[in-house]
Amino acid sequence: MKVLVVGSGGREHALCWAIAASPLCDKLYCAPGNAGITREAECVAIKADDLDGLVRFAMENAIDFVVVGPEQPLVLGLVDRLEAAGIKAFGPTAAAAALEGSKGFMKDLCAKYGIPTAAYGRFTDAESAHAFVRERGAPIVVKADGLAAGKGVTIARTVEEALAAVDEAMIESRFGNAGAELVIEEFLAGEEASFFALVDGSTALPLVSAQDHKAAFDGDTGPNTGGMGAYSPAPVMTPALESRVMREIIEPTVRGMAAEGRPFKGVLYAGLMIVDTPQGPAPKLLEYNTRFGDPETQVLMKRMMSDVLPALIASRDGVLKNFQLRWYDDTALCVVMAAKGYPGDYVRRTEIHGLDEAGALPDVTVFHAGTVLSEDGHVLADGGRVLGVTSIAPTVREAQGLAYEAVDRISWPEGFCRRDIGWRAVGRG
């Protein structure tokens, strides 16, 4: 098969790394890719949101299967366009990608089909949003309805902070059209976890659990980011909780989307809060993403024993019912190295050394997220999150030690990372 992966981040590098190992894959392309992906695939200079360019490339090169990584091309309808052109693609249609593209749509679906989530309101004007905040009090969560590159959520500790977040989105238009409508919801306290399932329109196949670290600095302090690291499995997700998530969240969503005339195919990524109740821990849905997570994909692909490509094809073809996946029992752990200043302003085009030395460690893979090659072949940082140093080992403590040993072999003075990825799991012994 000729396969095209769309995207340029760590998620796409991990997918390319896994797909390239498949005996089904004869030729692998990535658009636009990055410096690390060039080892796995032929990178083509087409941006992920250039739908015309991607469809044209797929047709001209007789691509058999397209795997769409980022959310934006999904919401824009890339899968619809490819399928209309006769090219098989992994990912939801634009109508189904609304689960991520509109937080209001997702919350309304939860309300209609009894899926446990935080109480909420939807608002299109600042005045009524202010009134809701004042009535509910703080802490409270303010979310831009549309895609805001992971920056449209404010966890407000005070009423004043929430009111300012409303004004920032609706009056100052910080998030453009994405913030023209807001979802404001109750604050849920507990432990977050990520849960993934492949879906073929009617059947959902659970993947393994993971937990990421959103805050920029050690001890979960500092500003929110796209993710500074992840590990899998997440001890908080017991087998009993995983069964509940499938029964109470994933499966009702799949049935509900089919009933709404928006059958979902692709990967459902449920951001969960595990809350304490008198009956014990219970899962509540924070948000849905309609694509693989980043940096969670890095640890999922390291743990996946099965060939990933047939699973993605089975999802698209609607034949997951009798499909099974095998996983390594070991713990995978990913440490994200980011440019100093991230998630704020940061310097680009700084040179990174020691990548081969880091990757030479057994059971370590250095996934690239924001890199380019210089004209003379050196690797340069070209993004906020730049590398995902990923290890696999029998225990979380061993995986943590191995990942940081690899990090310490990388010489990049302009970068930084957290030194405590996996701390919750290590704390559990």
# chains A, B, ... in the order shown; residues from 1 in each chain; ligands from 1
call {"tool": "residues_around", "arguments": {"residues": "Val183 (chain A)", "least_positions_apart": "3", "cutoff": "12 Å", "atoms": "only C-alpha atoms", "output": "JSON, numbers by chain"}}
result
{"A": [102, 103, 104, 105, 106, 107, 108, 118, 119, 120, 121, 122, 123, 124, 125, 126, 128, 129, 132, 133, 140, 141, 142, 143, 144, 145, 146, 152, 153, 154, 162, 165, 166, 169, 170, 178, 179, 180, 186, 286, 287]}
call {"tool": "residues_around", "arguments": {"residues": "region 80-92 of chain A", "least_positions_apart": "3", "cutoff": "10 Å", "atoms": "only C-alpha atoms", "output": "number ranges by chain"}}
result
A: 3-5, 51-52, 54-56, 58-59, 62-71, 73-77, 95-99, 198-201, 262-268, 290-292, 312-317
call {"tool": "residues_around", "arguments": {"residues": "Gly33 (chain A)", "least_positions_apart": "6", "cutoff": "8 Å", "atoms": "only C-alpha atoms", "output": "PyMOL selection string"}}
result
chain A and resi 6-9+12-13+43-45
call {"tool": "closest_residue", "arguments": {"among": "A:Arg247, A:Lys151, A:Arg424, A:His353", "to": "Arg174 (chain A)", "atoms": "only C-alpha atoms"}}
result
A:Lys151
call {"tool": "closest_residue", "arguments": {"among": "A:Tyr404, A:Thr38, A:Gly114, A:Cys30", "to": "Phe57 (chain A)", "atoms": "only C-alpha atoms"}}
result
A:Cys30
call {"tool": "select_by_dssp", "arguments": {"residues": "region 211-246 of chain A", "states": "strand (DSSP E)", "output": "list in words"}}
result
Gln211, Asp212, Ala215, Ala216, Phe217, Thr221, Gly222, Pro223, Asn224, Gly229, Ala230, Tyr231 and Ser232 of chain A
call {"tool": "residues_around", "arguments": {"residues": "Ala381 (chain A)", "least_positions_apart": "6", "cutoff": "8 Å", "atoms": "only C-alpha atoms", "output": "list in words"}}
result
Ala339, Arg348, Arg349, Thr350, Glu351, Ile352, Gly370, Thr371 and Val372 of chain A
call {"tool": "residues_around", "arguments": {"residues": "Pro252 (chain A)", "least_positions_apart": "4", "cutoff": "7 Å", "atoms": "only C-alpha atoms", "output": "count of residues only"}}
result
4
call {"tool": "select_by_dssp", "arguments": {"residues": "region 3-162 of chain A", "states": "alpha helix (DSSP H)", "output": "NGL selection string"}}
result
:A and (10-20 or 51-60 or 71-76 or 78-84 or 94-101 or 103-113 or 126-136 or 159-162)
call {"tool": "closest_residue", "arguments": {"among": "A:Ile46, A:Val254, A:Ala406, A:Met273", "to": "Cys110 (chain A)", "atoms": "only C-alpha atoms"}}
result
A:Val254
call {"tool": "residues_around", "arguments": {"residues": "region 225-236 of chain A", "least_positions_apart": "6", "cutoff": "9 Å", "atoms": "only C-alpha atoms", "output": "VMD selection string"}}
result
chain A and resid 149 to 151 191 to 194 208 to 217 274 294 to 296 298 to 300 303 329 to 338 342 to 343 385 388 to 389 396 417 to 418 421 to 422 424 to 425 428
call {"tool": "closest_residue", "arguments": {"among": "A:Pro206, A:Glu414, A:Val386, A:Asp376", "to": "Pro239 (chain A)", "atoms": "only C-alpha atoms"}}
result
A:Pro206
